[in-house]
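Visitor: This is query.tsv (TSV, C-alpha atoms).
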chain	number	residue	atom	x	y	z
A	1	MET	CA	207.62	-4.40	68.33
A	2	SER	CA	206.23	-7.14	63.96
A	3	SER	CA	207.36	-7.14	60.37
A	4	THR	CA	208.10	-9.94	57.95
A	5	ALA	CA	210.30	-10.55	54.93
A	6	GLN	CA	208.86	-8.97	51.83
A	7	PRO	CA	207.52	-11.48	49.27
A	8	ILE	CA	208.62	-11.34	45.67
A	9	MET	CA	206.40	-8.96	43.71
A	10	GLU	CA	205.17	-9.58	40.20
A	11	GLN	CA	203.27	-7.06	38.07
A	12	THR	CA	200.65	-8.10	35.53
A	13	VAL	CA	198.80	-5.78	33.11
A	14	THR	CA	195.36	-7.23	32.35
A	15	ALA	CA	194.47	-4.72	29.61
A	16	PRO	CA	195.90	-1.47	28.29
A	17	ALA	CA	193.20	0.63	29.95
A	18	GLU	CA	193.32	-1.19	33.31
A	19	PRO	CA	195.60	-0.26	36.23
A	20	VAL	CA	198.58	-2.47	37.00
A	21	THR	CA	197.70	-5.30	39.39
A	22	VAL	CA	200.40	-6.33	41.85
A	23	LEU	CA	200.42	-10.04	42.64
A	24	LYS	CA	202.36	-11.60	45.50
A	25	LYS	CA	204.45	-14.59	44.62
A	26	HIS	CA	205.15	-16.59	47.77
A	27	THR	CA	208.04	-18.97	48.31
A	28	VAL	CA	208.65	-21.60	50.99
A	29	ALA	CA	211.67	-19.64	52.25
A	30	GLY	CA	209.62	-16.46	52.39
A	31	ASP	CA	206.87	-18.18	54.35
A	32	TYR	CA	209.33	-19.50	56.93
A	33	ALA	CA	210.89	-16.04	57.16
A	34	ALA	CA	207.41	-14.67	57.88
A	35	LEU	CA	206.67	-17.42	60.40
A	36	PHE	CA	209.91	-16.73	62.28
A	37	LYS	CA	209.47	-12.93	61.96
A	38	VAL	CA	213.01	-12.57	60.64
A	39	ARG	CA	213.12	-8.77	60.79
A	40	VAL	CA	212.01	-8.63	64.41
A	41	THR	CA	214.35	-11.51	65.26
A	42	SER	CA	217.22	-9.57	63.62
A	43	LEU	CA	216.56	-6.59	65.91
A	44	ILE	CA	216.54	-8.93	68.91
A	45	VAL	CA	219.87	-10.43	67.85
A	46	MET	CA	221.30	-6.93	67.35
A	47	THR	CA	220.38	-5.79	70.87
A	48	ALA	CA	221.67	-9.09	72.30
A	49	TRP	CA	224.97	-8.45	70.52
A	50	ALA	CA	225.13	-5.01	72.13
A	51	GLY	CA	224.70	-6.57	75.57
A	52	PHE	CA	227.35	-9.19	74.82
A	53	TYR	CA	229.75	-6.55	73.50
A	54	MET	CA	229.37	-4.37	76.59
A	55	GLY	CA	229.80	-7.38	78.87
A	56	ALA	CA	232.93	-8.48	77.00
A	57	ALA	CA	234.40	-4.98	77.41
A	58	LYS	CA	233.82	-5.16	81.16
A	59	SER	CA	235.48	-8.58	81.25
A	60	GLY	CA	238.43	-7.30	79.23
A	61	VAL	CA	238.06	-10.01	76.61
A	62	SER	CA	237.48	-9.97	72.87
A	63	SER	CA	233.86	-9.68	71.78
A	64	LEU	CA	234.63	-11.79	68.70
A	65	SER	CA	234.55	-15.43	69.79
A	66	TRP	CA	232.72	-18.70	69.45
A	67	THR	CA	230.82	-17.73	72.59
A	68	LEU	CA	229.40	-14.72	70.71
A	69	ALA	CA	228.40	-16.89	67.74
A	70	ASN	CA	226.78	-19.46	70.03
A	71	ALA	CA	224.99	-16.77	72.04
A	72	LEU	CA	223.54	-14.97	69.02
A	73	TRP	CA	222.58	-18.24	67.34
A	74	GLY	CA	220.82	-19.50	70.46
A	75	ILE	CA	219.06	-16.22	71.24
A	76	GLY	CA	217.99	-15.79	67.63
A	77	LEU	CA	216.70	-19.35	67.36
A	78	THR	CA	214.77	-19.09	70.66
A	79	SER	CA	213.25	-15.79	69.54
A	80	ALA	CA	212.31	-17.22	66.14
A	81	GLY	CA	210.65	-20.20	67.81
A	82	ALA	CA	208.64	-17.96	70.14
A	83	ALA	CA	207.59	-15.81	67.17
A	84	ALA	CA	206.40	-18.88	65.25
A	85	LEU	CA	204.40	-20.21	68.19
A	86	ASN	CA	202.93	-16.74	68.69
A	87	GLU	CA	201.68	-16.86	65.09
A	88	VAL	CA	200.24	-20.31	65.79
A	89	LEU	CA	198.32	-19.00	68.79
A	90	GLU	CA	197.17	-15.85	66.99
A	91	ARG	CA	196.39	-17.33	63.57
A	92	ARG	CA	192.66	-16.55	63.90
A	93	LEU	CA	193.36	-12.98	65.03
A	94	ASP	CA	195.84	-12.53	62.18
A	95	ALA	CA	193.20	-13.66	59.69
A	96	ARG	CA	190.99	-10.74	60.77
A	97	MET	CA	193.64	-8.02	60.33
A	98	ARG	CA	194.65	-6.61	56.96
A	99	ARG	CA	198.34	-6.33	57.78
A	100	THR	CA	198.64	-9.93	58.99
A	101	LYS	CA	196.04	-11.94	57.08
A	102	ASP	CA	198.58	-12.87	54.37
A	103	ARG	CA	200.91	-14.59	56.84
A	104	PRO	CA	201.47	-18.27	56.02
A	105	LEU	CA	199.19	-19.73	58.73
A	106	PRO	CA	196.05	-17.56	58.40
A	107	SER	CA	196.34	-17.62	54.61
A	108	GLY	CA	196.46	-21.42	54.61
A	109	ARG	CA	199.80	-21.68	52.78
A	110	MET	CA	201.29	-23.45	55.81
A	111	ASP	CA	199.44	-26.03	57.89
A	112	LEU	CA	199.10	-25.75	61.66
A	113	ALA	CA	201.23	-28.81	62.44
A	114	THR	CA	204.16	-27.39	60.50
A	115	GLY	CA	203.96	-24.12	62.42
A	116	ILE	CA	203.82	-25.90	65.78
A	117	ILE	CA	206.72	-28.24	64.99
A	118	ALA	CA	208.93	-25.52	63.50
A	119	GLY	CA	208.31	-23.15	66.41
A	120	SER	CA	208.74	-25.79	69.13
A	121	VAL	CA	211.95	-27.19	67.65
A	122	ALA	CA	213.49	-23.73	67.21
A	123	LEU	CA	212.57	-22.65	70.75
A	124	LEU	CA	213.84	-25.82	72.42
A	125	VAL	CA	217.01	-26.14	70.34
A	126	GLY	CA	217.80	-22.46	70.88
A	127	SER	CA	217.41	-22.46	74.66
A	128	VAL	CA	219.16	-25.82	75.16
A	129	SER	CA	221.97	-24.67	72.86
A	130	LEU	CA	222.44	-21.56	74.99
A	131	ALA	CA	222.62	-23.64	78.18
A	132	LEU	CA	225.23	-25.96	76.66
A	133	THR	CA	227.41	-23.48	74.75
A	134	THR	CA	227.27	-20.33	76.92
A	135	ASN	CA	225.90	-21.00	80.42
A	136	VAL	CA	222.82	-22.46	82.07
A	137	LEU	CA	221.62	-19.05	83.29
A	138	THR	CA	221.32	-17.69	79.74
A	139	GLY	CA	219.50	-20.80	78.54
A	140	VAL	CA	217.02	-20.68	81.43
A	141	LEU	CA	216.43	-16.93	81.02
A	142	ALA	CA	215.89	-17.29	77.27
A	143	PHE	CA	213.36	-20.09	77.76
A	144	ALA	CA	211.57	-18.14	80.53
A	145	THR	CA	211.44	-15.10	78.26
A	146	ALA	CA	209.75	-17.10	75.51
A	147	ALA	CA	207.36	-18.73	78.00
A	148	THR	CA	206.33	-15.32	79.38
A	149	TYR	CA	205.79	-13.98	75.88
A	150	LEU	CA	203.63	-16.93	74.86
A	151	GLY	CA	201.92	-17.74	78.15
A	152	LEU	CA	201.15	-14.24	79.46
A	153	TYR	CA	201.50	-11.52	76.84
A	154	THR	CA	199.84	-13.36	73.96
A	155	PRO	CA	196.57	-14.34	75.72
A	156	LEU	CA	196.35	-10.99	77.58
A	157	LYS	CA	196.13	-9.08	74.30
A	158	LYS	CA	192.45	-10.02	74.03
A	159	VAL	CA	191.76	-9.15	77.67
A	160	SER	CA	193.34	-5.84	78.65
A	161	PRO	CA	195.81	-3.13	77.57
A	162	ILE	CA	198.01	-4.31	80.45
A	163	SER	CA	199.33	-6.84	77.94
A	164	THR	CA	201.68	-4.14	76.64
A	165	PHE	CA	203.24	-3.74	80.09
A	166	VAL	CA	203.56	-7.51	80.55
A	167	GLY	CA	205.00	-7.95	77.06
A	168	ALA	CA	207.62	-5.27	77.67
A	169	PHE	CA	209.43	-7.60	80.09
A	170	PRO	CA	210.28	-10.37	77.59
A	171	GLY	CA	210.74	-7.68	74.94
A	172	ALA	CA	213.52	-6.02	76.96
A	173	MET	CA	215.45	-9.22	77.69
A	174	PRO	CA	217.77	-9.54	74.63
A	175	PRO	CA	220.59	-7.19	75.82
A	176	LEU	CA	220.42	-8.75	79.27
A	177	LEU	CA	220.69	-12.21	77.69
A	178	GLY	CA	223.71	-11.07	75.69
A	179	TRP	CA	225.35	-9.74	78.85
A	180	ALA	CA	224.61	-12.95	80.77
A	181	ALA	CA	226.03	-15.06	77.94
A	182	ILE	CA	229.50	-13.55	78.40
A	183	ARG	CA	229.43	-12.63	82.10
A	184	GLY	CA	227.49	-15.60	83.46
A	185	ARG	CA	225.40	-13.44	85.80
A	186	VAL	CA	222.99	-10.51	85.88
A	187	GLU	CA	224.66	-7.27	87.02
A	188	PRO	CA	223.60	-3.61	87.38
A	189	GLU	CA	224.91	-2.80	83.90
A	190	ALA	CA	222.70	-5.52	82.41
A	191	ILE	CA	219.71	-4.11	84.29
A	192	ILE	CA	220.36	-0.67	82.75
A	193	LEU	CA	220.45	-2.19	79.26
A	194	PHE	CA	217.20	-4.01	80.07
A	195	LEU	CA	215.54	-0.79	81.30
A	196	ILE	CA	216.56	1.17	78.20
A	197	VAL	CA	214.74	-1.30	75.95
A	198	PHE	CA	211.87	-1.68	78.45
A	199	PHE	CA	211.04	2.04	78.51
A	200	TRP	CA	211.67	2.48	74.78
A	201	GLN	CA	209.06	-0.14	73.91
A	202	PHE	CA	206.06	1.87	75.14
A	203	PRO	CA	206.20	4.83	72.74
A	204	HIS	CA	207.40	2.45	70.02
A	205	PHE	CA	204.61	-0.07	70.40
A	206	GLN	CA	201.86	2.43	71.14
A	207	ALA	CA	202.77	4.21	67.89
A	208	ILE	CA	202.23	0.90	66.06
A	209	ALA	CA	198.95	0.28	67.89
A	210	TRP	CA	197.83	3.85	67.07
A	211	MET	CA	198.55	3.36	63.37
A	212	TYR	CA	196.76	0.01	63.18
A	213	ARG	CA	194.01	0.54	65.76
A	214	ASP	CA	191.27	-0.37	63.26
A	215	ASP	CA	192.94	-3.71	62.60
A	216	TYR	CA	193.30	-4.40	66.31
A	217	GLU	CA	189.71	-3.38	66.95
A	218	ALA	CA	188.45	-5.68	64.18
A	219	ALA	CA	190.37	-8.57	65.73
A	220	GLY	CA	189.20	-7.82	69.27
A	221	VAL	CA	192.69	-7.00	70.54
A	222	LYS	CA	192.51	-4.71	73.57
A	223	MET	CA	195.35	-2.31	72.81
A	224	LEU	CA	195.26	1.07	74.54
A	225	PRO	CA	194.55	3.12	71.36
A	226	VAL	CA	191.55	0.81	70.77
A	227	VAL	CA	190.18	1.09	74.30
A	228	ASP	CA	190.84	4.86	74.52
A	229	ASN	CA	189.63	6.51	71.31
A	230	SER	CA	190.51	9.96	72.65
A	231	GLY	CA	194.18	9.02	72.82
A	232	HIS	CA	194.65	10.88	76.13
A	233	SER	CA	195.80	7.90	78.17
A	234	VAL	CA	197.95	6.71	75.26
A	235	VAL	CA	199.95	9.93	75.07
A	236	ARG	CA	200.21	10.13	78.86
A	237	GLN	CA	201.75	6.67	78.88
A	238	MET	CA	204.14	7.48	76.04
A	239	ILE	CA	205.26	10.71	77.72
A	240	ALA	CA	205.79	8.98	81.07
A	241	TYR	CA	207.90	6.16	79.68
A	242	CYS	CA	209.86	8.40	77.33
A	243	ALA	CA	210.58	10.71	80.28
A	244	ALA	CA	211.85	7.69	82.24
A	245	LEU	CA	213.92	6.53	79.27
A	246	LEU	CA	215.97	9.73	79.08
A	247	PRO	CA	217.70	9.54	82.52
A	248	VAL	CA	218.10	5.76	82.28
A	249	SER	CA	219.84	6.13	78.90
A	250	LEU	CA	222.34	8.48	80.58
A	251	MET	CA	223.33	5.91	83.23
A	252	PRO	CA	226.00	3.94	81.29
A	253	PRO	CA	228.71	6.61	81.78
A	254	LEU	CA	227.99	6.61	85.53
A	255	LEU	CA	228.59	2.85	85.59
A	256	ARG	CA	231.75	3.27	83.49
A	257	MET	CA	230.23	1.44	80.53
A	258	SER	CA	230.61	4.32	78.04
A	259	GLY	CA	232.19	7.75	77.92
A	260	ARG	CA	231.34	11.39	77.33
A	261	VAL	CA	230.72	11.04	73.60
A	262	TYR	CA	227.98	8.55	74.37
A	263	LEU	CA	226.61	10.81	77.10
A	264	ALA	CA	226.25	13.75	74.71
A	265	GLY	CA	224.80	11.58	71.94
A	266	ALA	CA	222.32	9.84	74.25
A	267	LEU	CA	221.10	13.22	75.50
A	268	LEU	CA	220.52	14.49	71.96
A	269	LEU	CA	218.86	11.27	70.84
A	270	GLY	CA	216.62	11.26	73.91
A	271	ILE	CA	215.53	14.86	73.38
A	272	GLY	CA	214.85	14.16	69.70
A	273	PHE	CA	212.79	11.06	70.52
A	274	PHE	CA	210.85	13.00	73.16
A	275	TYR	CA	210.09	15.69	70.58
A	276	PHE	CA	208.21	13.23	68.36
A	277	VAL	CA	206.21	11.97	71.35
A	278	LEU	CA	205.28	15.50	72.42
A	279	ARG	CA	204.39	16.51	68.87
A	280	LEU	CA	201.81	13.74	68.72
A	281	ALA	CA	200.56	14.59	72.21
A	282	ARG	CA	200.13	18.30	71.47
A	283	THR	CA	197.65	17.65	68.65
A	284	LYS	CA	195.09	16.22	71.11
A	285	LEU	CA	193.64	14.32	68.16
A	286	PRO	CA	191.76	11.04	68.68
A	287	THR	CA	193.33	7.73	67.70
A	288	THR	CA	190.79	7.49	64.88
A	289	SER	CA	192.11	10.64	63.17
A	290	PRO	CA	194.09	10.11	59.93
A	291	ASP	CA	196.25	13.15	60.80
A	292	SER	CA	197.18	11.68	64.17
A	293	ARG	CA	198.14	8.41	62.47
A	294	LYS	CA	200.59	10.25	60.25
A	295	LEU	CA	202.29	11.63	63.35
A	296	ALA	CA	202.21	8.18	64.97
A	297	ARG	CA	203.99	6.80	61.90
A	298	GLN	CA	206.69	9.47	62.21
A	299	LEU	CA	207.05	8.62	65.91
A	300	LEU	CA	207.45	4.96	64.97
A	301	GLN	CA	210.15	5.86	62.45
A	302	ALA	CA	211.95	7.92	65.10
A	303	SER	CA	211.79	5.00	67.56
A	304	VAL	CA	213.19	2.58	64.98
A	305	LEU	CA	216.18	4.90	64.48
A	306	TYR	CA	216.65	5.73	68.17
A	307	LEU	CA	217.45	2.31	69.62
A	308	PRO	CA	220.10	1.08	67.16
A	309	LEU	CA	221.77	4.50	67.13
A	310	LEU	CA	221.87	4.58	70.92
A	311	PHE	CA	223.38	1.11	71.21
A	312	ALA	CA	225.82	1.75	68.35
A	313	LEU	CA	227.04	4.90	70.08
A	314	MET	CA	227.36	3.02	73.38
A	315	MET	CA	229.46	0.33	71.73
A	316	ILE	CA	231.66	2.80	69.81
A	317	ASN	CA	232.39	4.79	72.97
A	318	VAL	CA	232.72	1.74	75.24
A	319	VAL	CA	234.96	1.93	78.32
A	320	ARG	CA	237.10	-1.21	78.47
A	321	SER	CA	238.30	-2.75	81.71
For the structure just supplied, provide its representation as structure tokens.

Guide:
Amino acid sequence: MSSTAQPIMEQTVTAPAEPVTVLKKHTVAGDYAALFKVRVTSLIVMTAWAGFYMGAAKSGVSSLSWTLANALWGIGLTSAGAAALNEVLERRLDARMRRTKDRPLPSGRMDLATGIIAGSVALLVGSVSLALTTNVLTGVLAFATAATYLGLYTPLKKVSPISTFVGAFPGAMPPLLGWAAIRGRVEPEAIILFLIVFFWQFPHFQAIAWMYRDDYEAAGVKMLPVVDNSGHSVVRQMIAYCAALLPVSLMPPLLRMSGRVYLAGALLLGIGFFYFVLRLARTKLPTTSPDSRKLARQLLQASVLYLPLLFALMMINVVRS
């Protein structure tokens, strides 16, 4: 699931007859925002907040507390540190892809030592902070999540498409971490929140990989749309995981986490999300087709709307103990 803060744009006209040239003006703050993948980290913090909120409702306590602030700060900092170290490890790959070559490390605007120090400090401070201010379980889980992301998912990307499956585990952890921060343990409700994000990631990420398959191919990254030009196995995977997502997303009312309004909304959102997956699948176009990439972009947009809307609806229609 990677996007960075947008740099300041400056337009310069070289001559009346020439087209406008757009130059990127980089700042130190913007480079650190890119290194820490602030937009992705914000989504992680949002889903962690949803898990915390649902756990607080089950506990019958207020979701607005110093524990919440400490949890979101720690989870966000750990995530930012992992993102920075990921960019350190992938700096050479990033330099070979159009959408990532302007990041601070591959572009040379930030030196390697700075990236390593910033990422390591953020990761360690974040996970230790969680252990001290929420509970040890959350701190350990957060650190293990980052370690799995960096130690397994990142190197596997150049080896096999199975990296997407492996990466889905740390990617689905934020709501479970939020739940653990307030409840102090992992419970069935936290597992359901984990599974929702886990299954959602496959159509979401494969849509990204479909759109940018040429970049991934140039960098030697073994994503499924690169390995399978026909796209058949890609759409089969997206359909399978989206089909699994729908019933899992309907589980919260059965566990008395949310009510009927959520149930109806989750059903509609799930059907709508499935529609975009099936629309791409029905074309039977290869991953190299420009037309298929347009549909993949629309699927990506649908996935970006689906998850926050689902969690927002769950939180609005929460069942309190």

Visitor: Using all atoms listed in the file, which protein or nucleic acid residues come within 12 Å of Pro155 in chain A? Drop anything in the same chain fewer than 5 positions from it, and give the result as a VMD selection string.

Guide: chain A and resid 86 89 to 90 93 147 to 150 160 to 164 166 to 167 220 to 222

Visitor: Name the residues in contact with Ala69 in chain A at a cut-off of 12 Å, using all atoms listed in the file, excluding same-chain residues fewer than 3 positions from it; report them as a list in words.

Guide: Val45, Ala48, Trp49, Phe52, Tyr53, Ser63, Leu64, Ser65, Trp66, Leu72, Trp73, Gly74, Ile75, Gly76, Leu77, Ser129, Leu130, Thr133, Thr134, Gly178, Ala181 and Ile182 of chain A

Visitor: Centre and edge lengths of an axis-aligned box around all listed atoms of range 211-224 of chain A, with 8 Å added on each side, are to be given in Å to one decimal, as AutoDock Vina command-line options.

Guide:
--center_x 193.5 --center_y -2.6 --center_z 68.6 --size_x 26.1 --size_y 27.9 --size_z 27.9

Visitor: Go ahead and compute the interatomic distance for CA of Val186 in chain A and CA of Gly81 in chain A, in Å to one decimal.

Guide: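 Between CA of Val186 in chain A and CA of Gly81 in chain A the gap works out to 23.9 Å.
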
Visitor: Ala266 in chain A: which residues within 10 Å, counting only C-alpha atoms, same-chain residues fewer than 3 positions away excluded, as a PyMOL selection string?

Guide: chain A and resi 246-252+260-263+269-272+306+309-311+313-314

Visitor: So that I can see what lies close to Val88 in chain A, please list as a VMD selection string the residues with an atom at most 10 Å from it, counting only C-alpha atoms and leaving out residues fewer than 6 positions away in the same chain.

Guide: chain A and resid 35 82 94 105 to 106 111 to 116 119

Visitor: Just how far from CA of Gln298 in chain A is CA of Ile192 in chain A, in Å to one decimal?

Guide: 26.7 Å

Visitor: Kindly indicate which residue among A:Cys242, A:Val61, A:Leu285, A:Leu137 lies nearest to Ser230 in chain A, using all atoms listed in the file for the distances.

Guide: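 Between A:Cys242, A:Val61, A:Leu285, A:Leu137, the residue approaching Ser230 in chain A most closely is A:Leu285.
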
Visitor: With distances taken over only C-alpha atoms, which of A:Trp210, A:Tyr216, A:Tyr32, A:Phe199 is nearest to Arg109 in chain A?

Guide: A:Tyr32

Visitor: How many Å separate CA of Asn70 in chain A from CA of Val38 in chain A?

Guide: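 Atom-to-atom, CA of Asn70 in chain A to CA of Val38 in chain A, that is 18.0 Å.
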
Visitor: Considering all atoms listed in the file, state which residue in the set A:Tyr241, A:Trp179, A:Tyr153, A:Tyr212 is at the smallest distance from Ser292 in chain A.

Guide: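 Selected residue with least distance to Ser292 in chain A: A:Tyr212.
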
Visitor: Neighbours of Gln237 in chain A within 12 Å (all atoms listed in the file; same-chain residues fewer than 2 positions away dropped), as number ranges by chain?

Guide: A: 161-162, 164-165, 199-207, 224-225, 228, 231-235, 239-244, 277-278, 281

Visitor: Counting only C-alpha atoms, find residues at most 12 Å from (191.6, -0.1, 61.8) (file frame) and give them as JSON, numbers by chain.

Guide: {"A": [96, 97, 98, 99, 208, 209, 210, 211, 212, 213, 214, 215, 216, 217, 218, 219, 220, 221, 223, 225, 226, 229, 287, 288, 289, 290, 293]}

Visitor: Between A:Ile316, A:Ala146, A:Thr154, A:Ser127, single out the one closest to Arg91 in chain A, counting only C-alpha atoms.

Guide: A:Thr154

Visitor: With distances taken over all atoms listed in the file, which of A:Ala118, A:Asn317, A:Gln301, A:Val125 is nearest to Ala264 in chain A?

Guide: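 The answer is A:Asn317, which sits nearest to Ala264 in chain A.
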
Visitor: Given the choices A:Ala83, A:Val318, A:Ala144, A:Ala131, which gets closest to Ala34 in chain A if the distance is worked out from all atoms listed in the file?

Guide: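 The answer is A:Ala83, which sits nearest to Ala34 in chain A.
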
Visitor: Take range 50-70 of chain A, bring it up to N, CA and C atoms, and give me the output as a CSV table (one decimal), in the frame of the given file.

Guide:
chain,number,residue,atom,x,y,z
A,50,ALA,N,224.7,-6.2,71.4
A,50,ALA,CA,225.1,-5.0,72.1
A,50,ALA,C,225.4,-5.4,73.6
A,51,GLY,N,224.5,-6.2,74.2
A,51,GLY,CA,224.7,-6.6,75.6
A,51,GLY,C,225.9,-7.4,75.7
A,52,PHE,N,226.2,-8.3,74.8
A,52,PHE,CA,227.4,-9.2,74.8
A,52,PHE,C,228.6,-8.3,74.7
A,53,TYR,N,228.6,-7.4,73.8
A,53,TYR,CA,229.8,-6.6,73.5
A,53,TYR,C,230.1,-5.7,74.7
A,54,MET,N,229.1,-5.2,75.4
A,54,MET,CA,229.4,-4.4,76.6
A,54,MET,C,229.9,-5.3,77.7
A,55,GLY,N,229.3,-6.5,77.8
A,55,GLY,CA,229.8,-7.4,78.9
A,55,GLY,C,231.2,-7.8,78.6
A,56,ALA,N,231.6,-8.1,77.3
A,56,ALA,CA,232.9,-8.5,77.0
A,56,ALA,C,233.9,-7.4,77.3
A,57,ALA,N,233.5,-6.1,77.1
A,57,ALA,CA,234.4,-5.0,77.4
A,57,ALA,C,234.6,-4.9,78.9
A,58,LYS,N,233.6,-5.2,79.7
A,58,LYS,CA,233.8,-5.2,81.2
A,58,LYS,C,234.7,-6.3,81.6
A,59,SER,N,234.7,-7.4,80.9
A,59,SER,CA,235.5,-8.6,81.2
A,59,SER,C,236.9,-8.4,80.7
A,60,GLY,N,237.1,-7.5,79.8
A,60,GLY,CA,238.4,-7.3,79.2
A,60,GLY,C,238.8,-8.4,78.2
A,61,VAL,N,237.8,-9.0,77.6
A,61,VAL,CA,238.1,-10.0,76.6
A,61,VAL,C,237.5,-9.6,75.3
A,62,SER,N,237.9,-10.3,74.2
A,62,SER,CA,237.5,-10.0,72.9
A,62,SER,C,236.0,-10.3,72.7
A,63,SER,N,235.3,-9.4,72.0
A,63,SER,CA,233.9,-9.7,71.8
A,63,SER,C,233.6,-10.6,70.6
A,64,LEU,N,234.7,-10.9,69.9
A,64,LEU,CA,234.6,-11.8,68.7
A,64,LEU,C,235.1,-13.2,69.1
A,65,SER,N,234.2,-14.1,69.3
A,65,SER,CA,234.6,-15.4,69.8
A,65,SER,C,233.5,-16.4,69.4
A,66,TRP,N,233.7,-17.7,69.7
A,66,TRP,CA,232.7,-18.7,69.4
A,66,TRP,C,231.6,-18.5,70.4
A,67,THR,N,231.9,-18.0,71.6
A,67,THR,CA,230.8,-17.7,72.6
A,67,THR,C,229.8,-16.7,72.0
A,68,LEU,N,230.3,-15.7,71.3
A,68,LEU,CA,229.4,-14.7,70.7
A,68,LEU,C,228.5,-15.4,69.7
A,69,ALA,N,229.2,-16.2,68.8
A,69,ALA,CA,228.4,-16.9,67.7
A,69,ALA,C,227.3,-17.8,68.3
A,70,ASN,N,227.7,-18.6,69.4
A,70,ASN,CA,226.8,-19.5,70.0
A,70,ASN,C,225.7,-18.7,70.7
